[in-house]
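Asks: Pasting a structure below so you can have a look.
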Amino acid sequence: MDLPAAAIRTQVMLPLRFADGFGTTARVYTFDGLADGREHLGPDLAGGGGVCGSGGPPLVRIRSECFIGDVLGSEWCDCGPQLLEAVRRIAQVGGLMLYLRQESRGIGLYARLDAYGLQDAGLDTYDANLALGYSEDSRDYTVAAQMLGDLGWTG
């Protein structure tokens, strides 16, 4: 499959700090020309040495945005703890997290909040999304493939 052309837009070193006190530094990449036109991030947790610096394939975690768990720390989902665990593991061995702007399996923040109402009535996340008329998973990973290609790692 031929992917649309995309390119690294910028890169900046940023400190990452978490509520439990864990911290590390990442080289965060932004991209131009991604297939969906959205603003996705590629934090490289290899100490700034580049995701391909070790000669072997990097550890890669594709992470879909979760405002409720990542930012608010809600206990409705385990997204916050999953994010912390992924960052810890990648920081240990080097690698990349692709942070994709696909809130709540691609249904968006408003729909996610609607789903919480259905979860209060006893549905799980999967069934709540279906009851709202969404598919089981609306995410698209084309941009993840583009990002990996732009960073020089295609498998």
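Labeling convention for the structure tokens: chains A, B, ... as they appear, residues from 1 per chain, ligands from 1 in order of appearance.
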For A:Asp32, work out the shell of residues within 9 Å, counting only C-alpha atoms and skipping chain neighbours fewer than 5 positions away, then give it as a short mmCIF file (atom, residue, chain, number, x, y, z; two decimals) with C-alpha atoms, in the first residue's frame.

Replies:
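Result file follows (around24.cif):
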data_model
loop_
_atom_site.label_atom_id
_atom_site.label_comp_id
_atom_site.auth_asym_id
_atom_site.auth_seq_id
_atom_site.Cartn_x
_atom_site.Cartn_y
_atom_site.Cartn_z
CA ALA A 5 3.90 11.58 1.64
CA ALA A 6 4.47 12.96 5.12
CA ALA A 7 7.47 14.50 6.83
CA ILE A 8 8.81 15.39 10.22
CA ARG A 9 7.69 18.94 10.93
CA THR A 10 9.71 19.66 14.06
CA GLY A 37 -4.51 16.01 8.72
CA GLU A 39 -1.85 16.65 15.04
#

Asks: Considering only C-alpha atoms, return as a PyMOL selection string whatever protein or nucleic-acid residues lie within 10 Å of stretch 25-31 of chain A, sequence-local ones (same chain, fewer than 2 positions apart) excluded.

Replies: chain A and resi 6-17+23+33-34+37-51+87+91+95-98+143+146-147+150-151

Asks: Any idea what's packed within 12 Å of stretch 66-80 of chain A, counting only C-alpha atoms, ignoring anything in its chain fewer than 6 positions away? Could you give it as a list in words?

Replies: Phe18, Ala19, Asp20, Ala86, Val87, Tyr99, Leu100, Arg101, Gln102, Glu103, Ser104, Arg105, Gly106, Ile107, Gly108, Leu109, Tyr110, Arg112, Leu113, Ala115, Tyr116, Gly117, Gln119, Asp120, Asp124 and Thr125 of chain A

Asks: Considering only alpha helix (DSSP H) as DSSP defines it on the backbone, what residues of chain A qualify? List them as a PyMOL selection string.

Replies: chain A and resi 79-93+103-106+109-120+125-131+142-150

Asks: Please run DSSP on the backbone and report, as an MDAnalysis selection string, all residues within stretch 7-154 of chain A that come out as strand (DSSP E or B).

Replies: chainID A and resid 7:17 23:32 41:44 59:64 95:100

Asks: Create the file for the chosen residues now, containing N, CA, C and O atoms and written as a short mmCIF file (atom, residue, chain, number, x, y, z; two decimals), in the first residue's frame.

Replies:
data_model
loop_
_atom_site.label_atom_id
_atom_site.label_comp_id
_atom_site.auth_asym_id
_atom_site.auth_seq_id
_atom_site.Cartn_x
_atom_site.Cartn_y
_atom_site.Cartn_z
N ALA A 7 6.11 14.16 6.42
CA ALA A 7 7.47 14.50 6.83
C ALA A 7 7.48 14.99 8.26
O ALA A 7 6.48 15.50 8.77
N ILE A 8 8.63 14.84 8.89
CA ILE A 8 8.81 15.39 10.22
C ILE A 8 8.73 16.91 10.11
O ILE A 8 9.39 17.52 9.29
N ARG A 9 7.90 17.50 10.92
CA ARG A 9 7.69 18.94 10.93
C ARG A 9 8.69 19.62 11.86
O ARG A 9 9.33 20.58 11.50
N THR A 10 8.79 19.11 13.08
CA THR A 10 9.71 19.66 14.06
C THR A 10 10.01 18.60 15.10
O THR A 10 9.34 17.58 15.18
N GLN A 11 11.03 18.87 15.90
CA GLN A 11 11.35 18.00 17.03
C GLN A 11 11.86 18.86 18.16
O GLN A 11 12.55 19.86 17.93
N VAL A 12 11.49 18.50 19.36
CA VAL A 12 11.88 19.28 20.53
C VAL A 12 12.05 18.34 21.72
O VAL A 12 11.30 17.37 21.86
N MET A 13 13.05 18.61 22.54
CA MET A 13 13.26 17.83 23.75
C MET A 13 12.32 18.36 24.83
O MET A 13 12.28 19.57 25.09
N LEU A 14 11.57 17.45 25.46
CA LEU A 14 10.64 17.84 26.51
C LEU A 14 10.79 16.93 27.72
O LEU A 14 10.90 15.70 27.56
N PRO A 15 10.75 17.49 28.91
CA PRO A 15 10.70 16.64 30.11
C PRO A 15 9.29 16.08 30.26
O PRO A 15 8.31 16.78 29.98
N LEU A 16 9.19 14.83 30.65
CA LEU A 16 7.89 14.21 30.93
C LEU A 16 7.84 13.94 32.43
O LEU A 16 8.76 13.31 32.98
N ARG A 17 6.80 14.38 33.09
CA ARG A 17 6.65 14.19 34.53
C ARG A 17 5.26 13.63 34.80
O ARG A 17 4.28 14.11 34.25
N GLY A 23 9.75 10.50 36.01
CA GLY A 23 10.04 11.45 34.97
C GLY A 23 11.10 10.95 34.02
O GLY A 23 11.93 10.10 34.39
N THR A 24 11.08 11.45 32.83
CA THR A 24 12.08 11.14 31.82
C THR A 24 12.07 12.28 30.81
O THR A 24 11.33 13.25 30.97
N THR A 25 12.89 12.17 29.81
CA THR A 25 12.94 13.18 28.76
C THR A 25 12.67 12.49 27.43
O THR A 25 13.09 11.35 27.22
N ALA A 26 11.98 13.19 26.55
CA ALA A 26 11.67 12.63 25.23
C ALA A 26 11.94 13.68 24.16
O ALA A 26 11.73 14.87 24.38
N ARG A 27 12.39 13.20 23.03
CA ARG A 27 12.44 14.04 21.83
C ARG A 27 11.08 13.85 21.16
O ARG A 27 10.76 12.75 20.71
N VAL A 28 10.28 14.89 21.13
CA VAL A 28 8.92 14.80 20.61
C VAL A 28 8.89 15.33 19.18
O VAL A 28 9.29 16.46 18.92
N TYR A 29 8.44 14.47 18.29
CA TYR A 29 8.34 14.81 16.87
C TYR A 29 6.92 15.21 16.53
O TYR A 29 5.96 14.62 17.03
N THR A 30 6.79 16.20 15.65
CA THR A 30 5.50 16.53 15.03
C THR A 30 5.66 16.30 13.54
O THR A 30 6.78 16.20 13.03
N PHE A 31 4.54 16.20 12.84
CA PHE A 31 4.56 15.77 11.44
C PHE A 31 3.68 16.64 10.57
O PHE A 31 2.64 17.14 11.01
N ASP A 32 4.07 16.82 9.32
CA ASP A 32 3.26 17.46 8.29
C ASP A 32 2.83 16.40 7.29
O ASP A 32 3.57 15.43 7.04
N LEU A 41 1.58 12.98 17.72
CA LEU A 41 2.93 13.16 18.25
C LEU A 41 3.69 11.84 18.26
O LEU A 41 3.10 10.78 18.42
N GLY A 42 5.01 11.96 18.16
CA GLY A 42 5.87 10.79 18.25
C GLY A 42 6.97 11.01 19.27
O GLY A 42 8.08 11.39 18.91
N PRO A 43 6.67 10.83 20.58
CA PRO A 43 7.73 10.96 21.58
C PRO A 43 8.74 9.81 21.50
O PRO A 43 8.38 8.65 21.62
N ASP A 44 10.01 10.17 21.26
CA ASP A 44 11.12 9.22 21.21
C ASP A 44 11.73 9.18 22.61
O ASP A 44 12.26 10.16 23.10
N LEU A 59 11.27 -0.49 20.68
CA LEU A 59 9.99 -0.81 21.29
C LEU A 59 9.04 0.31 20.90
O LEU A 59 9.35 1.49 21.06
N VAL A 60 7.89 -0.03 20.33
CA VAL A 60 6.93 0.96 19.88
C VAL A 60 5.58 0.69 20.55
O VAL A 60 5.10 -0.43 20.55
N ARG A 61 4.99 1.76 21.08
CA ARG A 61 3.65 1.68 21.66
C ARG A 61 2.77 2.67 20.90
O ARG A 61 3.08 3.85 20.83
N ILE A 62 1.71 2.18 20.30
CA ILE A 62 0.74 3.06 19.68
C ILE A 62 -0.30 3.38 20.74
O ILE A 62 -0.93 2.50 21.31
N ARG A 63 -0.44 4.65 20.98
CA ARG A 63 -1.29 5.12 22.07
C ARG A 63 -2.37 6.04 21.53
O ARG A 63 -2.07 7.04 20.90
N SER A 64 -3.62 5.70 21.77
CA SER A 64 -4.71 6.58 21.38
C SER A 64 -5.01 7.53 22.53
O SER A 64 -5.04 7.13 23.69
N GLY A 95 12.89 3.59 22.65
CA GLY A 95 11.83 3.35 21.71
C GLY A 95 10.95 4.56 21.53
O GLY A 95 11.32 5.68 21.87
N LEU A 96 9.78 4.31 21.03
CA LEU A 96 8.91 5.38 20.57
C LEU A 96 7.47 5.11 20.98
O LEU A 96 7.01 3.97 20.95
N MET A 97 6.78 6.18 21.35
CA MET A 97 5.35 6.09 21.54
C MET A 97 4.70 6.94 20.46
O MET A 97 5.08 8.10 20.29
N LEU A 98 3.80 6.39 19.73
CA LEU A 98 3.03 7.17 18.76
C LEU A 98 1.73 7.56 19.45
O LEU A 98 0.91 6.71 19.77
N TYR A 99 1.59 8.86 19.73
CA TYR A 99 0.41 9.35 20.44
C TYR A 99 -0.58 9.88 19.41
O TYR A 99 -0.38 10.93 18.82
N LEU A 100 -1.62 9.09 19.16
CA LEU A 100 -2.57 9.38 18.10
C LEU A 100 -3.81 10.08 18.65
O LEU A 100 -4.37 9.66 19.66
#

Asks: Skipping near chain neighbours, those fewer than 5 positions away, what residues fall within 7 Å of A:Glu136 using only C-alpha atoms, listed as a list of chain:residue names?

Replies: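 Residues near the query, excluding close chain neighbours: A:Tyr126, A:Asn129, A:Leu130.
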
Asks: Produce a file of the selected residues containing N, CA and C atoms, as a PDB file, in the first residue's frame.

Replies:
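And here is the file that came out, again_12.pdb:
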ATOM      1  N   TYR A 126     -17.283  -1.431  25.407  1.00  0.00           N
ATOM      2  CA  TYR A 126     -17.545  -1.979  24.078  1.00  0.00           C
ATOM      3  C   TYR A 126     -19.032  -1.889  23.729  1.00  0.00           C
ATOM      4  N   ASN A 129     -20.376   1.707  23.289  1.00  0.00           N
ATOM      5  CA  ASN A 129     -20.044   2.282  21.982  1.00  0.00           C
ATOM      6  C   ASN A 129     -20.987   1.753  20.904  1.00  0.00           C
ATOM      7  N   LEU A 130     -21.255   0.458  20.923  1.00  0.00           N
ATOM      8  CA  LEU A 130     -22.179  -0.122  19.943  1.00  0.00           C
ATOM      9  C   LEU A 130     -23.587   0.445  20.107  1.00  0.00           C
TER      10      LEU A 130
END

Asks: Please indicate the distance in Å from atom CA of A:Gly149 to atom CA of A:Glu65, rounded to one decimal place.

Replies: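 Computing the Euclidean distance for atom CA of A:Gly149 and atom CA of A:Glu65 yields 21.0 Å.
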
Asks: Find, counting only C-alpha atoms, the residue in A:Ala111, A:Leu148, A:Leu83, A:Ala121 that gets nearest to A:Gly133.

Replies: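 For A:Gly133, the nearest of the candidates is A:Ala111.
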
Asks: What is the distance, in Å and to one decimal place, between atom CA of A:Ala144 and atom CA of A:Arg88?

Replies: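 If I compute the distance from atom CA of A:Ala144 to atom CA of A:Arg88, I get 20.8 Å.
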
Asks: To one decimal in Å, tell me the separation between atom CA of A:Trp153 and atom CA of A:Gly94.

Replies: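 A separation of 13.7 Å between them.
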